[in-house]
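Heads up, start38.cif below (mmCIF, C-alpha atoms; chains and numbers go by the auth columns):
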data_data
#
loop_
_atom_site.group_PDB
_atom_site.id
_atom_site.type_symbol
_atom_site.label_atom_id
_atom_site.label_comp_id
_atom_site.label_asym_id
_atom_site.label_seq_id
_atom_site.Cartn_x
_atom_site.Cartn_y
_atom_site.Cartn_z
_atom_site.B_iso_or_equiv
_atom_site.auth_seq_id
_atom_site.auth_asym_id
ATOM 1 C CA MET A 1 0.000 0.000 0.000 0.00 661 D
ATOM 2 C CA GLY A 2 1.285 3.465 -0.876 0.00 662 D
ATOM 3 C CA ARG A 3 1.434 5.981 1.933 0.00 663 D
ATOM 4 C CA GLU A 4 2.554 9.529 2.511 0.00 664 D
ATOM 5 C CA ILE A 5 3.957 10.870 5.772 0.00 665 D
ATOM 6 C CA GLU A 6 4.526 14.574 5.553 0.00 666 D
ATOM 7 C CA ARG A 7 5.060 17.594 7.778 0.00 667 D
ATOM 8 C CA LYS A 8 4.418 21.111 6.550 0.00 668 D
ATOM 9 C CA PHE A 9 5.659 24.491 7.784 0.00 669 D
ATOM 10 C CA LEU A 10 5.543 28.188 7.023 0.00 670 D
ATOM 11 C CA LEU A 11 8.862 29.940 6.477 0.00 671 D
ATOM 12 C CA ALA A 12 10.520 32.347 8.918 0.00 672 D
ATOM 13 C CA SER A 13 13.090 33.758 6.475 0.00 673 D
ATOM 14 C CA GLU A 14 14.522 33.412 2.989 0.00 674 D
ATOM 15 C CA ALA A 15 17.807 31.853 4.181 0.00 675 D
ATOM 16 C CA TRP A 16 16.718 28.573 2.494 0.00 676 D
ATOM 17 C CA ARG A 17 17.326 30.131 -0.948 0.00 677 D
ATOM 18 C CA ALA A 18 21.123 29.716 -0.611 0.00 678 D
ATOM 19 C CA GLN A 19 20.649 25.936 -0.249 0.00 679 D
ATOM 20 C CA VAL A 20 18.393 25.270 -3.275 0.00 680 D
ATOM 21 C CA ILE A 21 19.638 22.482 -5.556 0.00 681 D
ATOM 22 C CA GLY A 22 16.690 22.357 -7.968 0.00 682 D
ATOM 23 C CA LYS A 23 13.538 24.153 -9.029 0.00 683 D
ATOM 24 C CA ARG A 24 10.547 23.114 -11.137 0.00 684 D
ATOM 25 C CA TYR A 25 7.208 24.559 -12.172 0.00 685 D
ATOM 26 C CA ILE A 26 4.104 22.619 -11.092 0.00 686 D
ATOM 27 C CA LYS A 27 0.490 23.025 -12.131 0.00 687 D
ATOM 28 C CA GLN A 28 -2.046 20.758 -10.468 0.00 688 D
ATOM 29 C CA GLY A 29 -5.790 20.447 -10.382 0.00 689 D
ATOM 30 C CA TYR A 30 -8.316 18.287 -8.587 0.00 690 D
ATOM 31 C CA LEU A 31 -10.758 15.987 -10.369 0.00 691 D
ATOM 32 C CA ALA A 32 -12.429 14.906 -7.137 0.00 692 D
ATOM 33 C CA ALA A 33 -12.079 16.525 -3.734 0.00 693 D
ATOM 34 C CA THR A 34 -14.502 14.726 -1.442 0.00 694 D
ATOM 35 C CA GLY A 35 -13.356 11.746 0.584 0.00 695 D
ATOM 36 C CA ALA A 36 -10.399 10.560 -1.467 0.00 696 D
ATOM 37 C CA THR A 37 -8.634 13.281 -3.456 0.00 697 D
ATOM 38 C CA VAL A 38 -7.881 12.713 -7.134 0.00 698 D
ATOM 39 C CA ARG A 39 -5.240 15.085 -8.487 0.00 699 D
ATOM 40 C CA VAL A 40 -3.602 15.681 -11.864 0.00 700 D
ATOM 41 C CA ARG A 41 -0.118 17.200 -11.693 0.00 701 D
ATOM 42 C CA LEU A 42 1.809 18.637 -14.616 0.00 702 D
ATOM 43 C CA GLN A 43 5.429 19.264 -13.769 0.00 703 D
ATOM 44 C CA GLU A 44 7.370 20.495 -16.761 0.00 704 D
ATOM 45 C CA ASP A 45 7.618 17.507 -19.154 0.00 705 D
ATOM 46 C CA GLU A 46 6.051 14.925 -16.811 0.00 706 D
ATOM 47 C CA ALA A 47 2.499 14.313 -15.637 0.00 707 D
ATOM 48 C CA PHE A 48 0.960 12.237 -12.849 0.00 708 D
ATOM 49 C CA LEU A 49 -2.428 11.104 -11.621 0.00 709 D
ATOM 50 C CA THR A 50 -2.475 10.870 -7.825 0.00 710 D
ATOM 51 C CA ILE A 51 -5.102 9.444 -5.498 0.00 711 D
ATOM 52 C CA LYS A 52 -4.826 10.344 -1.804 0.00 712 D
ATOM 53 C CA GLY A 53 -6.891 9.049 1.100 0.00 713 D
ATOM 54 C CA ARG A 54 -7.991 10.993 4.135 0.00 714 D
ATOM 55 C CA PRO A 55 -5.190 11.680 6.597 0.00 715 D
ATOM 56 C CA SER A 56 -4.898 9.855 9.884 0.00 716 D
ATOM 57 C CA GLY A 57 -2.535 12.103 11.810 0.00 717 D
ATOM 58 C CA LEU A 58 0.523 12.590 9.603 0.00 718 D
ATOM 59 C CA VAL A 59 -0.159 9.451 7.514 0.00 719 D
ATOM 60 C CA ARG A 60 -2.436 8.921 4.535 0.00 720 D
ATOM 61 C CA SER A 61 -2.617 6.511 1.633 0.00 721 D
ATOM 62 C CA GLU A 62 -1.200 7.777 -1.654 0.00 722 D
ATOM 63 C CA TYR A 63 -1.019 6.211 -5.112 0.00 723 D
ATOM 64 C CA GLU A 64 0.674 8.023 -7.984 0.00 724 D
ATOM 65 C CA TYR A 65 0.858 7.012 -11.647 0.00 725 D
ATOM 66 C CA PRO A 66 2.571 8.623 -14.633 0.00 726 D
ATOM 67 C CA ILE A 67 0.197 9.693 -17.417 0.00 727 D
ATOM 68 C CA PRO A 68 0.755 11.314 -20.818 0.00 728 D
ATOM 69 C CA VAL A 69 1.399 15.075 -20.625 0.00 729 D
ATOM 70 C CA ALA A 70 -1.277 15.746 -23.271 0.00 730 D
ATOM 71 C CA ASP A 71 -3.852 13.885 -21.154 0.00 731 D
ATOM 72 C CA ALA A 72 -2.865 15.893 -18.069 0.00 732 D
ATOM 73 C CA ARG A 73 -3.262 19.192 -19.933 0.00 733 D
ATOM 74 C CA GLU A 74 -6.682 18.144 -21.199 0.00 734 D
ATOM 75 C CA MET A 75 -7.809 16.993 -17.725 0.00 735 D
ATOM 76 C CA LEU A 76 -6.606 20.247 -16.115 0.00 736 D
ATOM 77 C CA SER A 77 -8.503 22.352 -18.652 0.00 737 D
ATOM 78 C CA SER A 78 -11.715 20.328 -18.811 0.00 738 D
ATOM 79 C CA LEU A 79 -12.126 18.177 -15.678 0.00 739 D
ATOM 80 C CA ALA A 80 -10.657 20.118 -12.743 0.00 740 D
ATOM 81 C CA VAL A 81 -13.398 21.010 -10.240 0.00 741 D
ATOM 82 C CA TYR A 82 -11.539 24.161 -9.069 0.00 742 D
ATOM 83 C CA PRO A 83 -8.895 26.367 -10.703 0.00 743 D
ATOM 84 C CA PRO A 84 -5.484 24.659 -10.764 0.00 744 D
ATOM 85 C CA VAL A 85 -2.805 25.559 -8.220 0.00 745 D
ATOM 86 C CA GLU A 86 0.421 26.839 -9.778 0.00 746 D
ATOM 87 C CA LYS A 87 3.728 27.002 -7.967 0.00 747 D
ATOM 88 C CA PHE A 88 7.468 26.724 -8.166 0.00 748 D
ATOM 89 C CA ARG A 89 8.913 23.911 -6.084 0.00 749 D
ATOM 90 C CA HIS A 90 12.415 24.514 -4.748 0.00 750 D
ATOM 91 C CA LEU A 91 14.404 21.514 -3.479 0.00 751 D
ATOM 92 C CA VAL A 92 16.637 21.876 -0.415 0.00 752 D
ATOM 93 C CA PRO A 93 18.563 18.913 1.071 0.00 753 D
ATOM 94 C CA ALA A 94 17.467 18.062 4.626 0.00 754 D
ATOM 95 C CA GLY A 95 20.167 15.486 5.475 0.00 755 D
ATOM 96 C CA ASP A 96 19.814 11.730 5.983 0.00 756 D
ATOM 97 C CA GLY A 97 18.458 11.338 2.429 0.00 757 D
ATOM 98 C CA LEU A 98 15.497 13.649 3.139 0.00 758 D
ATOM 99 C CA MET A 99 14.527 16.688 1.068 0.00 759 D
ATOM 100 C CA TRP A 100 12.715 19.931 1.865 0.00 760 D
ATOM 101 C CA GLU A 101 10.225 20.946 -0.809 0.00 761 D
ATOM 102 C CA ILE A 102 9.691 24.706 -0.645 0.00 762 D
ATOM 103 C CA ASP A 103 6.544 25.682 -2.542 0.00 763 D
ATOM 104 C CA GLU A 104 6.358 29.235 -3.866 0.00 764 D
ATOM 105 C CA TYR A 105 2.720 29.701 -4.816 0.00 765 D
ATOM 106 C CA LEU A 106 1.716 31.775 -7.833 0.00 766 D
ATOM 107 C CA GLY A 107 -1.438 33.586 -8.954 0.00 767 D
ATOM 108 C CA ASP A 108 -4.213 33.839 -6.376 0.00 768 D
ATOM 109 C CA ASN A 109 -2.112 31.973 -3.804 0.00 769 D
ATOM 110 C CA ALA A 110 0.851 34.385 -3.920 0.00 770 D
ATOM 111 C CA PRO A 111 2.750 35.400 -1.829 0.00 771 D
ATOM 112 C CA LEU A 112 2.386 32.117 0.128 0.00 772 D
ATOM 113 C CA PHE A 113 5.472 29.937 0.715 0.00 773 D
ATOM 114 C CA THR A 114 5.395 26.566 2.514 0.00 774 D
ATOM 115 C CA ALA A 115 8.024 23.915 3.290 0.00 775 D
ATOM 116 C CA GLU A 116 7.226 20.192 3.328 0.00 776 D
ATOM 117 C CA ILE A 117 9.286 17.190 4.255 0.00 777 D
ATOM 118 C CA GLU A 118 8.257 13.588 3.522 0.00 778 D
ATOM 119 C CA LEU A 119 9.293 11.187 6.247 0.00 779 D
ATOM 120 C CA PRO A 120 9.798 7.407 6.271 0.00 780 D
ATOM 121 C CA GLU A 121 7.878 7.068 9.562 0.00 781 D
ATOM 122 C CA PRO A 122 5.616 9.428 11.562 0.00 782 D
ATOM 123 C CA ASP A 123 8.120 9.673 14.420 0.00 783 D
ATOM 124 C CA ALA A 124 11.211 10.075 12.195 0.00 784 D
ATOM 125 C CA GLN A 125 13.647 12.701 13.460 0.00 785 D
ATOM 126 C CA PHE A 126 14.907 15.500 11.205 0.00 786 D
ATOM 127 C CA ASP A 127 16.865 18.699 11.616 0.00 787 D
ATOM 128 C CA ILE A 128 14.787 21.861 11.876 0.00 788 D
ATOM 129 C CA PRO A 129 16.576 24.651 10.006 0.00 789 D
ATOM 130 C CA GLU A 130 16.542 28.232 11.329 0.00 790 D
ATOM 131 C CA TRP A 131 14.535 29.408 8.305 0.00 791 D
ATOM 132 C CA LEU A 132 11.562 27.221 9.236 0.00 792 D
ATOM 133 C CA GLY A 133 8.532 28.871 10.824 0.00 793 D
ATOM 134 C CA GLU A 134 5.266 27.652 12.344 0.00 794 D
ATOM 135 C CA GLU A 135 4.206 24.050 11.720 0.00 795 D
ATOM 136 C CA ILE A 136 0.948 23.861 9.759 0.00 796 D
ATOM 137 C CA SER A 137 0.736 20.085 9.198 0.00 797 D
ATOM 138 C CA GLY A 138 -2.713 19.897 10.790 0.00 798 D
ATOM 139 C CA ASP A 139 -4.123 23.100 9.261 0.00 799 D
ATOM 140 C CA GLY A 140 -6.339 22.052 6.354 0.00 800 D
ATOM 141 C CA ARG A 141 -6.365 25.552 4.847 0.00 801 D
ATOM 142 C CA TYR A 142 -2.815 25.003 3.600 0.00 802 D
ATOM 143 C CA THR A 143 -3.493 21.840 1.589 0.00 803 D
ATOM 144 C CA ASN A 144 -3.222 22.356 -2.139 0.00 804 D
ATOM 145 C CA ARG A 145 -6.756 21.052 -2.515 0.00 805 D
ATOM 146 C CA ALA A 146 -8.025 23.760 -0.134 0.00 806 D
ATOM 147 C CA LEU A 147 -5.901 26.431 -1.828 0.00 807 D
ATOM 148 C CA SER A 148 -7.469 25.573 -5.189 0.00 808 D
ATOM 149 C CA ARG A 149 -10.935 26.072 -3.711 0.00 809 D
ATOM 150 C CA PHE A 150 -10.204 29.048 -1.431 0.00 810 D
ATOM 151 C CA PRO A 151 -6.965 30.808 -2.498 0.00 811 D
ATOM 152 C CA TYR A 152 -4.623 32.440 -0.015 0.00 812 D
ATOM 153 C CA SER A 153 -5.264 35.917 -1.477 0.00 813 D
ATOM 154 C CA LEU A 154 -8.875 35.704 -0.268 0.00 814 D
ATOM 155 C CA TRP A 155 -7.970 34.904 3.346 0.00 815 D
ATOM 156 C CA GLN A 156 -7.443 38.565 4.284 0.00 816 D
ATOM 157 C CA GLN A 157 -10.947 39.355 3.015 0.00 817 D
ATOM 158 C CA GLU A 158 -12.362 36.850 5.526 0.00 818 D
ATOM 159 C CA ASP A 159 -10.771 38.533 8.585 0.00 819 D
#
Is it possible to express this structure as structure tokens?
Amino acid sequence: MGREIERKFLLASEAWRAQVIGKRYIKQGYLAATGATVRVRLQEDEAFLTIKGRPSGLVRSEYEYPIPVADAREMLSSLAVYPPVEKFRHLVPAGDGLMWEIDEYLGDNAPLFTAEIELPEPDAQFDIPEWLGEEISGDGRYTNRALSRFPYSLWQQED
């Protein structure tokens, strides 16, 4: 069974930028967003269909399959239930074979930045860099699915 164990944080500074080893553009949309989440992700010259279960703490089931780029483009334009989320993903080594994924959101989700780390086990230890801010792992507003439905730029209007 596929599973994802991930922790997510806001950023406290831009010191992470000096450690970036890669960057890619990602556009993703949701074909179903109730119960299980079905996502199409286009990331430069690759595309994936991903099915994610509901989280149980930090763990949830995840299945991801490569699909043709042309199919992904068509699904994003005709089947996505909300506008796609667009972002740049910056990769920063976290030590012990782990990687920080810093997401720089674009469009209606700018100027949001988040940092995620996928872990082998829920209780896995990892170094917390000085540029990391508040943990938001349990805050559903920061999921990409939620950001597609209710973009970050609209949050201030709610206050």
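Relative to atom CA of Glu746 of chain D, atom CA of Glu778 of chain D is found at 20.3 Å.
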Per-residue nearest contacts segment 674-718 of chain D to segment 752-763 of chain D, cut-off 9 Å, using only C-alpha atoms, as a Markdown table:
| residue | atom | partner | partner_atom | distance |
| --- | --- | --- | --- | --- |
| D:Trp676 | CA | D:Val752 | CA | 7.3 |
| D:Arg677 | CA | D:Val752 | CA | 8.3 |
| D:Gln679 | CA | D:Val752 | CA | 5.7 |
| D:Val680 | CA | D:Val752 | CA | 4.8 |
| D:Ile681 | CA | D:Val752 | CA | 6.0 |
| D:Gly682 | CA | D:Val752 | CA | 7.6 |
Original post:
What does the distance between atom CA of Glu764 of chain D and atom CA of Asp705 of chain D come to in Å, to one decimal place?
Top reply: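 Going from atom CA of Glu764 of chain D over to atom CA of Asp705 of chain D, I get 19.3 Å.
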**OP:** Determine, counting only C-alpha atoms, which protein, DNA and RNA residues have an atom within 7 Å of an atom of Pro726 of chain D; residues of the same chain fewer than 3 positions away are not included. Present the result as an NGL selection string.
**Re:** :D and (707-709)
**OP:** Please indicate the distance in Å from atom CA of Arg663 of chain D to atom CA of Glu722 of chain D, rounded to one decimal place.
**Re:**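 The value is 4.8 Å.
The closest residue to Ile665 of chain D, picked from D:Arg749, D:Arg809, D:Arg733, D:Lys712 and counting only C-alpha atoms, is D:Lys712.
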Original post:
Selected by the PyMOL selection byres ((chain D and resi 688) around 6) in the shown coordinates: which residues, as number ranges by chain?
Top reply: D: 687, 689, 700-701, 744-745
Output C-alpha atoms of each residue in that selection to a file, as a CSV table (one decimal), in the frame of the given file.
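The result, written out as out-v1.csv:
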chain,number,residue,atom,x,y,z
D,687,LYS,CA,0.5,23.0,-12.1
D,689,GLY,CA,-5.8,20.4,-10.4
D,700,VAL,CA,-3.6,15.7,-11.9
D,701,ARG,CA,-0.1,17.2,-11.7
D,744,PRO,CA,-5.5,24.7,-10.8
D,745,VAL,CA,-2.8,25.6,-8.2
**OP:** Point out the residue among D:His750, D:Arg801, D:Glu794, D:Thr694 with the least atom-to-atom distance to Asn769 of chain D, counting only C-alpha atoms.
**Re:**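 Ranking D:His750, D:Arg801, D:Glu794, D:Thr694 by distance to Asn769 of chain D, first place goes to D:Arg801.
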Original post:
Neighbours of Ser797 of chain D within 7 Å (only C-alpha atoms; same-chain residues fewer than 3 positions away dropped), as a list of chain:residue names?
Top reply: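 So, after excluding close chain neighbours, the residues are D:Arg667, D:Lys668, D:Phe669.
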Original post:
Which residues fall under the PyMOL selection byres ((chain D and resi 698) around 10) in this file, as a list in words?
Top reply: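 Applied to this file, the PyMOL selection byres ((chain D and resi 698) around 10) selects Gly689, Tyr690, Leu691, Ala692, Ala693, Thr694, Gly695, Ala696, Thr697, Arg699, Val700, Leu709, Thr710, Ile711, Lys712, Gly713, Glu722, Tyr723, Glu724, Ala740 and Arg805 of chain D.
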**OP:** Using the chain letters and numbering of this document, enumerate as a list in words the residues selected by the PyMOL selection byres ((chain D and resi 672) around 10).
**Re:**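 The output of the PyMOL selection byres ((chain D and resi 672) around 10) on this file is Phe669, Leu670, Leu671, Ser673, Glu674, Ala675, Trp676, Phe773, Pro789, Glu790, Trp791, Leu792, Gly793 and Glu794 of chain D.
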Determine, counting all atoms listed in the file, which protein, DNA and RNA residues have an atom within 10 Å of an atom of Gly717 of chain D; residues of the same chain fewer than 3 positions away are not included. Present the result as a PDB file with C-alpha atoms, keeping the file's coordinate frame.
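Below is the file around-v9.pdb, written as the result:
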ATOM      1  CA  ILE D 665       3.957  10.870   5.772  1.00  0.00           C
ATOM      2  CA  GLU D 666       4.526  14.574   5.553  1.00  0.00           C
ATOM      3  CA  ARG D 714      -7.991  10.993   4.135  1.00  0.00           C
ATOM      4  CA  ARG D 720      -2.436   8.921   4.535  1.00  0.00           C
ATOM      5  CA  PRO D 782       5.616   9.428  11.562  1.00  0.00           C
ATOM      6  CA  SER D 797       0.736  20.085   9.198  1.00  0.00           C
ATOM      7  CA  GLY D 798      -2.713  19.897  10.790  1.00  0.00           C
TER       8      GLY D 798
END
**OP:** Compile the contact shell of Glu704 of chain D as a ChimeraX atom specification: residues with an atom at most 9 Å away, counting all atoms listed in the file, same-chain residues fewer than 5 positions apart removed.
**Re:** /D:684-687,729
Pull C-alpha atoms from the residues just selected and write them as a PDB file, in the coordinates of the input.
ATOM      1  CA  ARG D 684      10.547  23.114 -11.137  1.00  0.00           C
ATOM      2  CA  TYR D 685       7.208  24.559 -12.172  1.00  0.00           C
ATOM      3  CA  ILE D 686       4.104  22.619 -11.092  1.00  0.00           C
ATOM      4  CA  LYS D 687       0.490  23.025 -12.131  1.00  0.00           C
ATOM      5  CA  VAL D 729       1.399  15.075 -20.625  1.00  0.00           C
TER       6      VAL D 729
END
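Here the question is which of D:Ala678, D:Leu751, D:Ala775, D:Leu702 gets nearest to Ala730 of chain D using all atoms listed in the file, and that residue is D:Leu702.
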Edge lengths and centre in Å to one decimal, as JSON, is what I'm after for the box along x, y and z that holds all listed atoms of segment 760-769 of chain D once 6 Å is added on each side.
{"center_x": 4.3, "center_y": 26.9, "center_z": -3.5, "size_x": 28.9, "size_y": 25.9, "size_z": 22.8}
**OP:** Counting all atoms listed in the file, write as JSON, numbers by chain all protein and nucleic acid residues lying at most 10 Å from (-7.1, 30.8, -1.6) in the file's frame.
**Re:** {"D": [745, 767, 768, 769, 770, 772, 801, 802, 804, 805, 806, 807, 808, 809, 810, 811, 812, 813, 814, 815, 816]}
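Closest approach to Tyr765 of chain D from the set D:Lys747, D:Thr803, D:Lys683, D:Met735 is made by D:Lys747, with distances taken over only C-alpha atoms.
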